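Asks: The file below is upload.txt, compact mmCIF, C-alpha atoms and all ligand atoms:
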```txt
# COMPACT_ATOMS: atom_id res chain seq x y z
CA MET A 165 65.28 61.01 132.83
CA ILE A 166 64.86 59.63 136.32
CA VAL A 167 62.44 60.71 138.99
CA VAL A 168 64.15 60.12 142.32
CA MET A 169 61.56 59.81 145.06
CA GLU A 170 62.22 61.06 148.57
CA LYS A 171 63.37 58.53 151.17
CA GLY A 172 60.01 58.43 152.90
CA ALA A 173 57.83 58.61 149.75
CA THR A 174 54.64 56.61 150.14
CA LYS A 175 53.40 53.85 147.84
CA ASP A 176 50.59 56.12 146.69
CA GLN A 177 52.99 58.93 145.84
CA ILE A 178 55.17 56.52 143.86
CA GLN A 179 52.17 55.10 141.98
CA HIS A 180 50.87 58.59 141.33
CA MET A 181 54.20 59.71 139.85
CA ALA A 182 54.45 56.56 137.72
CA GLY A 183 51.00 57.46 136.40
CA ARG A 184 52.10 61.01 135.62
CA VAL A 185 55.13 59.72 133.75
CA GLU A 186 52.87 57.47 131.64
CA ALA A 187 50.44 60.35 131.07
CA LEU A 188 53.33 62.32 129.55
CA GLY A 189 53.70 59.57 126.95
CA LEU A 190 56.76 58.05 128.66
CA ARG A 191 57.28 54.56 129.97
CA ALA A 192 57.64 54.28 133.76
CA HIS A 193 60.14 51.76 135.12
CA LEU A 194 60.10 51.42 138.89
CA ILE A 195 63.36 50.53 140.59
CA TYR A 196 63.25 49.95 144.32
CA GLY A 197 66.65 50.81 145.80
CA THR A 198 67.75 50.40 149.39
CA GLU A 199 67.52 54.16 149.96
CA HIS A 200 65.28 55.62 147.30
CA THR A 201 62.68 54.44 144.84
CA VAL A 202 63.47 55.67 141.38
CA ILE A 203 61.14 55.95 138.41
CA ALA A 204 62.97 55.79 135.11
CA ALA A 205 60.92 57.74 132.55
CA ILE A 206 61.84 56.27 129.18
CA GLY A 207 60.97 57.73 125.79
CA GLU A 208 60.92 61.03 123.89
CA LYS A 209 60.52 63.83 126.37
CA ARG A 210 58.45 66.89 125.59
CA GLU A 211 59.09 70.45 126.65
CA HIS A 212 58.73 71.12 130.40
CA THR A 213 58.54 67.42 131.27
CA LYS A 214 61.24 67.85 133.89
CA GLU A 215 59.56 70.85 135.51
CA SER A 216 56.18 69.20 135.50
CA LEU A 217 57.47 66.05 137.23
CA GLU A 218 59.59 67.98 139.73
CA SER A 219 56.51 69.51 141.28
CA GLY A 220 55.04 66.11 142.25
CA ALA A 221 54.51 65.17 145.89
CA GLY A 222 57.28 62.95 147.30
CA VAL A 223 59.71 63.77 144.48
CA ALA A 224 63.30 64.52 145.57
CA GLU A 225 64.69 65.41 142.15
CA VAL A 226 64.39 64.78 138.42
CA VAL A 227 67.67 64.20 136.61
CA PRO A 228 68.55 63.33 133.03
CA ILE A 229 70.08 59.91 132.27
CA LEU A 230 73.27 60.62 130.35
CA ALA A 231 74.02 57.06 129.17
CA PRO A 232 72.39 55.90 125.89
CA TYR A 233 71.06 52.85 127.76
CA LYS A 234 68.72 53.77 130.58
CA VAL A 235 67.36 50.94 132.73
CA ALA A 236 70.73 49.14 132.48
CA SER A 237 72.69 52.16 133.75
CA ARG A 238 74.16 52.72 137.19
CA GLU A 239 72.63 56.18 137.11
CA VAL A 240 69.18 54.63 137.39
CA LYS A 241 70.13 51.86 139.83
CA PRO A 242 73.35 52.32 141.82
CA GLU A 243 73.05 48.99 143.69
CA PRO A 244 74.35 45.88 141.92
CA THR A 245 71.72 43.46 140.64
CA GLN A 246 71.82 39.89 141.87
CA VAL A 247 70.33 37.26 139.57
CA VAL A 248 69.03 34.07 141.14
CA ALA A 249 68.04 31.12 138.94
CA GLY A 250 67.36 27.89 140.81
CA GLY A 251 70.62 26.98 142.54
CA LEU A 252 72.59 29.66 140.68
CA THR A 253 73.27 33.04 142.29
CA VAL A 254 75.28 35.67 140.40
CA GLY A 255 76.13 39.23 141.39
CA ALA A 256 76.29 41.62 144.33
CA GLY A 257 79.34 39.98 145.88
CA VAL A 258 78.33 36.38 145.09
CA MET A 259 80.04 34.49 142.30
CA GLY A 260 78.29 31.69 140.45
CA VAL A 261 79.93 29.03 138.33
CA ILE A 262 78.21 27.53 135.27
CA ALA A 263 79.93 24.54 133.67
CA GLY A 264 79.18 21.78 131.21
CA PRO A 265 79.58 20.70 127.63
CA CYS A 266 79.32 22.96 124.62
CA SER A 267 76.61 20.67 123.16
CA VAL A 268 74.29 18.19 124.80
CA GLU A 269 75.24 14.91 123.09
CA ASN A 270 73.65 12.04 125.00
CA GLU A 271 72.41 11.07 128.45
CA GLU A 272 75.66 9.54 129.69
CA GLN A 273 77.80 12.49 128.54
CA LEU A 274 75.49 15.02 130.18
CA ILE A 275 74.77 13.30 133.46
CA SER A 276 78.41 12.35 134.09
CA THR A 277 79.42 15.97 133.41
CA ALA A 278 76.67 17.31 135.66
CA ARG A 279 77.83 15.10 138.54
CA ALA A 280 81.48 16.06 138.03
CA VAL A 281 80.95 19.82 137.80
CA LYS A 282 78.66 19.75 140.80
CA ALA A 283 81.23 17.87 142.85
CA ALA A 284 83.84 20.48 141.87
CA GLY A 285 81.61 23.37 142.99
CA ALA A 286 79.56 24.53 139.99
CA THR A 287 75.99 25.57 140.71
CA ALA A 288 74.68 25.48 137.15
CA LEU A 289 74.96 23.13 134.20
CA ARG A 290 75.46 24.55 130.71
CA GLY A 291 74.78 22.63 127.52
CA GLY A 292 73.57 23.66 124.09
CA ALA A 293 70.53 21.88 122.70
CA PHE A 294 69.96 24.46 119.96
CA LYS A 295 73.41 25.13 118.54
CA PRO A 296 74.39 28.12 116.41
CA ARG A 297 77.03 26.66 114.08
CA SER A 298 79.15 28.58 111.60
CA SER A 299 78.53 25.86 109.01
CA PRO A 300 75.06 24.54 108.10
CA TYR A 301 76.72 21.10 107.72
CA SER A 302 77.77 20.93 111.38
CA SER A 303 75.45 19.28 113.92
CA GLN A 304 72.72 21.74 114.91
CA GLY A 305 72.08 20.16 118.31
CA MET A 306 69.58 17.73 119.87
CA LYS A 307 66.90 20.43 120.20
CA GLU A 308 63.97 19.40 122.46
CA ASP A 309 65.50 15.96 123.17
CA GLY A 310 68.56 17.81 124.49
CA LEU A 311 66.37 20.05 126.67
CA LYS A 312 64.79 16.92 128.17
CA LEU A 313 68.22 15.55 129.06
CA LEU A 314 69.13 18.87 130.69
CA ALA A 315 65.96 18.81 132.77
CA ALA A 316 66.69 15.22 133.83
CA ALA A 317 70.24 16.23 134.88
CA ARG A 318 68.76 19.06 136.97
CA GLU A 319 66.33 16.62 138.53
CA GLU A 320 69.19 14.42 139.66
CA THR A 321 71.79 17.01 140.67
CA GLY A 322 69.82 20.13 141.55
CA LEU A 323 72.03 22.19 139.22
CA ALA A 324 70.33 25.10 137.44
CA VAL A 325 70.13 24.64 133.66
CA VAL A 326 71.64 27.24 131.31
CA THR A 327 70.93 26.69 127.63
CA GLU A 328 70.80 28.72 124.45
CA VAL A 329 67.72 29.94 122.63
CA MET A 330 68.26 31.01 119.04
CA SER A 331 64.93 32.25 117.77
CA PRO A 332 61.92 34.12 119.15
CA GLU A 333 59.60 31.20 118.29
CA ASP A 334 61.60 28.88 120.57
CA VAL A 335 61.70 31.13 123.64
CA GLU A 336 58.64 29.60 125.28
CA LEU A 337 59.77 26.03 124.61
CA VAL A 338 63.32 26.56 125.89
CA ALA A 339 62.08 28.51 128.91
CA SER A 340 59.79 25.62 129.84
CA TYR A 341 62.94 23.50 130.48
CA ALA A 342 65.66 26.03 131.37
CA ASP A 343 66.47 28.12 134.44
CA VAL A 344 68.55 30.56 132.37
CA LEU A 345 68.16 31.38 128.68
CA GLN A 346 71.47 31.99 126.97
CA ILE A 347 71.35 34.46 124.11
CA GLY A 348 74.48 33.71 122.16
CA ALA A 349 77.07 36.03 120.68
CA ARG A 350 75.66 35.69 117.18
CA ASN A 351 72.23 36.74 118.39
CA MET A 352 73.17 39.66 120.61
CA GLN A 353 71.53 42.07 118.19
CA ASN A 354 68.55 39.88 117.30
CA TYR A 355 66.13 42.45 118.66
CA ARG A 356 62.98 40.34 118.21
CA LEU A 357 64.61 37.59 120.24
CA LEU A 358 65.68 40.05 122.95
CA GLU A 359 62.16 41.46 123.19
CA GLU A 360 60.62 38.01 123.39
CA ALA A 361 63.05 37.03 126.16
CA GLY A 362 62.22 40.29 127.92
CA ARG A 363 58.55 39.33 128.18
CA LEU A 364 59.35 36.48 130.57
CA ASP A 365 61.07 36.75 133.90
CA THR A 366 63.37 33.78 133.26
CA PRO A 367 66.96 34.99 133.81
CA ILE A 368 68.94 35.72 130.65
CA LEU A 369 72.66 35.26 130.00
CA LEU A 370 73.37 37.76 127.23
CA LYS A 371 76.65 37.14 125.44
CA ARG A 372 78.59 39.95 123.82
CA GLY A 373 78.76 39.79 120.02
CA PRO A 374 82.35 39.29 118.83
CA SER A 375 82.35 42.70 117.16
CA ALA A 376 79.92 44.54 119.41
CA THR A 377 80.97 47.57 121.44
CA MET A 378 80.20 47.85 125.13
CA ASP A 379 77.44 50.38 124.37
CA GLU A 380 75.89 47.96 121.89
CA LEU A 381 75.99 45.18 124.49
CA LEU A 382 74.31 47.41 127.06
CA LEU A 383 71.72 48.59 124.55
CA ALA A 384 70.97 44.94 123.74
CA ALA A 385 70.46 44.32 127.48
CA GLU A 386 68.19 47.38 127.50
CA TYR A 387 65.87 45.67 125.01
CA ILE A 388 65.33 42.85 127.53
CA LEU A 389 65.03 45.11 130.58
CA ASN A 390 62.70 47.46 128.78
CA GLU A 391 60.19 44.65 128.28
CA GLY A 392 60.12 44.12 132.04
CA ASN A 393 62.59 41.26 132.66
CA PRO A 394 65.12 42.56 135.22
CA ASN A 395 67.13 39.32 135.40
CA VAL A 396 69.93 39.92 132.93
CA MET A 397 73.53 38.72 133.23
CA LEU A 398 76.06 40.11 130.76
CA CYS A 399 78.68 37.75 129.40
CA GLU A 400 82.07 38.73 128.00
CA ARG A 401 83.13 35.87 125.73
CA GLY A 402 85.85 37.56 123.70
CA ILE A 403 85.90 39.76 120.65
CA ARG A 404 87.38 39.49 117.16
CA THR A 405 90.64 41.36 116.70
CA PHE A 406 93.60 41.16 114.30
CA GLU A 407 95.26 38.79 116.78
CA SER A 408 94.97 35.09 115.97
CA HIS A 409 96.92 33.36 118.74
CA THR A 410 93.62 32.87 120.57
CA ARG A 411 90.21 32.11 119.02
CA PHE A 412 88.94 35.47 120.28
CA THR A 413 90.59 38.18 122.37
CA LEU A 414 89.28 38.16 125.93
CA PRO A 415 89.26 41.70 127.36
CA LEU A 416 89.03 41.42 131.12
CA ALA A 417 88.85 45.19 131.48
CA SER A 418 85.23 44.65 130.44
CA VAL A 419 84.50 43.56 134.01
CA PRO A 420 85.47 46.73 135.89
CA TYR A 421 84.23 48.87 132.97
CA LEU A 422 80.80 47.25 133.05
CA HIS A 423 80.65 47.42 136.84
CA HIS A 424 81.26 51.14 136.48
CA LYS A 425 78.49 51.63 133.92
CA THR A 426 75.81 49.11 134.86
CA HIS A 427 74.31 47.36 137.86
CA LEU A 428 74.00 44.10 135.89
CA PRO A 429 76.28 41.21 136.86
CA VAL A 430 79.14 40.22 134.56
CA VAL A 431 79.99 36.62 133.70
CA ILE A 432 83.21 35.66 131.90
CA ASP A 433 83.52 32.83 129.40
CA PRO A 434 87.21 31.87 129.33
CA SER A 435 86.46 28.90 127.03
CA HIS A 436 85.22 30.79 123.95
CA GLY A 437 87.36 33.75 125.02
CA THR A 438 90.59 31.79 124.46
CA GLY A 439 89.69 28.77 122.32
CA HIS A 440 92.42 26.65 123.91
CA THR A 441 92.04 24.30 126.88
CA TYR A 442 95.47 25.16 128.27
CA LEU A 443 94.59 28.88 128.54
CA VAL A 444 91.25 28.41 130.32
CA PRO A 445 92.40 27.81 133.96
CA ASP A 446 94.59 30.94 134.05
CA MET A 447 91.93 33.12 132.47
CA ALA A 448 89.28 31.73 134.82
CA ALA A 449 91.43 32.71 137.81
CA ALA A 450 92.19 36.11 136.23
CA SER A 451 88.47 36.73 135.67
CA VAL A 452 87.79 36.31 139.36
CA ALA A 453 90.69 38.64 140.15
CA ALA A 454 89.16 41.21 137.77
CA GLY A 455 85.91 41.07 139.76
CA ALA A 456 83.74 38.79 137.59
CA ASP A 457 80.39 37.86 139.13
CA GLY A 458 80.36 34.51 137.39
CA LEU A 459 82.15 32.07 135.11
CA ILE A 460 80.82 29.91 132.31
CA VAL A 461 83.21 27.10 131.43
CA GLU A 462 83.06 24.27 128.90
CA VAL A 463 83.72 20.84 130.44
CA HIS A 464 83.50 17.47 128.67
CA PRO A 465 84.14 13.86 129.74
CA ASN A 466 86.27 13.32 126.65
CA PRO A 467 87.14 16.63 124.98
CA GLU A 468 88.84 14.88 122.04
CA GLY A 469 85.57 13.22 121.08
CA ALA A 470 83.30 16.25 121.67
CA PHE A 471 80.75 17.21 118.98
CA SER A 472 81.77 20.86 119.32
CA ASP A 473 84.45 22.99 120.99
CA GLY A 474 86.46 20.05 122.37
CA TYR A 475 89.70 22.01 121.84
CA GLN A 476 88.64 24.54 124.47
CA SER A 477 86.91 22.16 126.89
CA LEU A 478 88.31 21.04 130.23
CA THR A 479 88.33 17.45 131.45
CA PHE A 480 86.67 16.77 134.81
CA GLN A 481 90.06 16.79 136.50
CA GLN A 482 91.14 20.03 134.84
CA PHE A 483 87.87 21.64 135.93
CA GLU A 484 88.37 20.51 139.51
CA GLN A 485 91.88 21.99 139.51
CA THR A 486 90.57 25.19 137.96
CA MET A 487 87.95 25.50 140.68
CA ALA A 488 90.61 25.05 143.36
CA ARG A 489 92.53 28.01 141.86
CA VAL A 490 89.38 30.07 141.44
CA ARG A 491 88.57 29.48 145.11
CA LYS A 492 92.01 30.67 146.19
CA VAL A 493 91.62 33.93 144.27
CA ALA A 494 88.06 34.41 145.55
CA ASP A 495 89.27 33.73 149.08
CA ALA A 496 92.07 36.29 148.79
CA LEU A 497 89.56 38.91 147.61
CA GLY A 498 86.82 38.00 150.08
CA VAL A 499 84.43 37.02 147.29
CA GLN A 500 81.73 34.50 148.06
CA ILE A 501 81.34 31.54 145.72
CA ALA A 502 77.75 30.42 145.78
CA SER A 503 77.23 26.80 146.69
CA GLN A 504 74.10 24.90 146.00
CA SER A 505 72.50 24.29 149.33
CA ARG A 506 74.09 27.12 151.23
CA ARG A 507 76.29 30.10 150.53
CA VAL A 508 79.77 29.76 151.90
CA THR A 509 82.60 32.18 152.24
CA VAL A 510 85.57 30.31 150.91
C1 LIG B 1 78.40 28.46 123.40
O1 LIG B 1 78.25 28.92 124.55
O2 LIG B 1 78.66 27.26 123.16
C2 LIG B 1 78.41 29.43 122.29
C3 LIG B 1 78.03 29.08 121.07
O3 LIG B 1 78.84 30.64 122.67
P1 LIG B 1 78.97 32.04 121.87
O4 LIG B 1 77.58 32.45 121.56
O5 LIG B 1 79.67 32.92 122.86
O6 LIG B 1 79.80 31.76 120.64
MN MN B 2 80.84 26.25 122.64
```
Please express the file's structure as structure tokens.
Ligand code: PEP
Ligand code: MN
Replies:
Amino acid sequence: MIVVMEKGATKDQIQHMAGRVEALGLRAHLIYGTEHTVIAAIGEKREHTKESLESGAGVAEVVPILAPYKVASREVKPEPTQVVAGGLTVGAGVMGVIAGPCSVENEEQLISTARAVKAAGATALRGGAFKPRSSPYSSQGMKEDGLKLLAAAREETGLAVVTEVMSPEDVELVASYADVLQIGARNMQNYRLLEEAGRLDTPILLKRGPSATMDELLLAAEYILNEGNPNVMLCERGIRTFESHTRFTLPLASVPYLHHKTHLPVVIDPSHGTGHTYLVPDMAAASVAAGADGLIVEVHPNPEGAFSDGYQSLTFQQFEQTMARVRKVADALGVQIASQSRRVTV
């Protein structure tokens, strides 16, 4: 349930109520809204909990949270969350663009891509150093050497670094190099990993599992939020259906649906979502039209020679053209695309 404090509730009253929530064996999550401060009381409630909290000084009302996820729900926090990670801003009317190769391969590949995506308007560089591969015989990534190359590319370009972490033991290591930890589709329900990522405040890009429902995605986000990390971006990257004309099926209705249910920003991945280079520009533009708060796009200097996912990667020129289209859609809708040194309305 949520304890909604009165508009003018004092700090002491808020702290006191948080203490009372904890004393009832519940976990208190404080959310400071523009109008009200709200205390989400998470856990098994006992009899008369509601009545006992309602009597507190400075309390406006105590209402149940209907959604199965709590801290992630709009009921608890009506205002959209904006996630800021280095040069990347995503959410609350600002759109961020993350671009780069599927895998970090070598210095030249990464730095040339970083320069190109920055010039085209991206504010973050993606690149997998720890790669989840369907086959154990495929390259598993450059691991820490790849993280070092990502950090060097950030040093030169100022782009924020987004990279995947696959296991709880690696969270600290990856977070020491990255601005955003990507939790990949295959790991969306790796609860130990989610909890570990929730203990830091490094922003998380949480990808939807290919057969996960929206509730499961939001409950996965809840694992991170519940540990205290509020900086979660949800990523729709396509789901598995009977249809095989695309690698996955990319449901763009996820964007308005999630905006309805959660305050967390929504990023679309049109690369994995389609699996074909020629479909990416249209779906990137459509994602912006659907209200996406961000895009994550695979870009490679030579897609044909890429270690992984070349068939869905854009060349530098294709990315530049895609960004020009994305800007037109954003402009028509009055959406801001974050730029690195300043925010501009395009
Ligand atoms: C990736 O971003 O390269 C990746 C492996 O994505 P996903 O987890 O969505 O498959
Ligand atoms: Mn990929």
Asks: Could you state the separation of atom CA of A:Asn354 and atom CA of A:Pro415 in Å, given to one decimal place?
Replies: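 About the pair atom CA of A:Asn354 and atom CA of A:Pro415: they are 23.1 Å apart.
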Asks: With 6 Å as the threshold, what does the neighbourhood of (86.8, 21.5, 130.6) contain in terms of residues, counting only C-alpha atoms? Coordinates are those of the file; answer as a VMD selection string.
Replies: chain A and resid 462 to 464 477 to 479 483
Asks: Write out, as CSV, each residue of chain A that has an atom at most 7 Å from ligand MN 2 (chain B), together with the closest pair of atoms and their distance in Å to one decimal, counting all atoms listed in the file, rows going by chain and rising number.
Replies:
```
residue,atom,partner,partner_atom,distance
A:Cys266,CA,B:MN2,MN,4.1
A:His436,CA,B:MN2,MN,6.4
A:Glu462,CA,B:MN2,MN,6.9
A:Ser472,CA,B:MN2,MN,6.4
A:Asp473,CA,B:MN2,MN,5.1
```
Asks: Quick one: everything within 12 Å of A:His424, counting all atoms listed in the file, minus sequence neighbours fewer than 5 positions away in the same chain. Send it as a ChimeraX atom specification.
Replies: /A:231,236-239,241-244,378,417-419,429-430,455
Asks: So that I can check the surroundings of A:Leu369, please list as an NGL selection string every protein, DNA and RNA residue that reaches within 12 Å of it, counting only C-alpha atoms and ignoring chain neighbours fewer than 5 positions away.
Replies: :A and (247-249 or 254 or 262 or 290 or 325-329 or 342-349 or 351-352 or 358 or 361-362 or 381 or 384-385 or 388 or 394-401 or 428-433 or 458-460)
Asks: Grab the atom CA of A:Pro374 to atom CA of A:Arg404 distance for me, in Å with one decimal place.
Replies: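 Atom CA of A:Arg404 lies 5.3 Å from atom CA of A:Pro374.
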Asks: Given 8 Å on each side, where is the centre and what are the edge lengths in Å to one decimal of the axis-aligned box enclosing the listed atoms of ligand LIG 1 (chain B), as lines of an AutoDock Vina configuration file?
Replies:
```
center_x = 78.7
center_y = 30.1
center_z = 122.6
size_x = 18.2
size_y = 21.7
size_z = 19.9
```
Asks: Just want the 7 Å neighbourhood of stretch 258-260 of chain A, counted on only C-alpha atoms, with same-chain residues fewer than 3 positions away dropped. Output as a ChimeraX atom specification.
Replies: /A:252-255,287,457-459,499-502
Asks: Store the residues picked out above, limited to C-alpha atoms, as a PDB file, in the coordinates of the input.
Replies:
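Printed below is out-v9.pdb as written:
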```pdb
ATOM      1  CA  LEU A 252      72.590  29.660 140.680  1.00  0.00           C
ATOM      2  CA  THR A 253      73.270  33.040 142.290  1.00  0.00           C
ATOM      3  CA  VAL A 254      75.280  35.670 140.400  1.00  0.00           C
ATOM      4  CA  GLY A 255      76.130  39.230 141.390  1.00  0.00           C
ATOM      5  CA  THR A 287      75.990  25.570 140.710  1.00  0.00           C
ATOM      6  CA  ASP A 457      80.390  37.860 139.130  1.00  0.00           C
ATOM      7  CA  GLY A 458      80.360  34.510 137.390  1.00  0.00           C
ATOM      8  CA  LEU A 459      82.150  32.070 135.110  1.00  0.00           C
ATOM      9  CA  VAL A 499      84.430  37.020 147.290  1.00  0.00           C
ATOM     10  CA  GLN A 500      81.730  34.500 148.060  1.00  0.00           C
ATOM     11  CA  ILE A 501      81.340  31.540 145.720  1.00  0.00           C
ATOM     12  CA  ALA A 502      77.750  30.420 145.780  1.00  0.00           C
TER      13      ALA A 502
END
```
Asks: I need the residue nearest ligand LIG 1 (chain B) from this list: A:Pro300, A:Pro434, A:Pro232, A:Gly222. Use all atoms listed in the file for the distance.
Replies: A:Pro434
Asks: Nearest to A:Arg350 among A:Gly183, A:Arg363, A:Ser298, A:Val226, with distances taken over all atoms listed in the file: which residue is it?
Replies: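 Closest residue, counting all atoms listed in the file: A:Ser298.
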Asks: Which residue out of A:Gln304, A:Thr277, A:Asn270, A:Thr486 has the minimum interatomic distance to ligand LIG 1 (chain B) when only C-alpha atoms and all ligand atoms are used?
Replies: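 Answer, going by the shortest atom-to-atom distance: A:Gln304.
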Asks: Can you pull out every residue within 9 Å of A:Ile275, counting all atoms listed in the file, but drop anything in the same chain fewer than 2 positions away, and send it as a list in words?
Replies: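 Using all atoms listed in the file, the neighbours found are Asn270, Glu271, Glu272, Gln273, Thr277, Ala278, Arg279, Ala280, Leu313, Leu314, Ala316, Ala317, Glu320 and Thr321 of chain A.
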Asks: So, with only C-alpha atoms and all ligand atoms as the atoms that count, which of A:Thr366, A:Gln177, A:Ser375, A:Thr245 lies closest to ligand LIG 1 (chain B)?
Replies: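 For ligand LIG 1 (chain B), the nearest of the candidates is A:Ser375.
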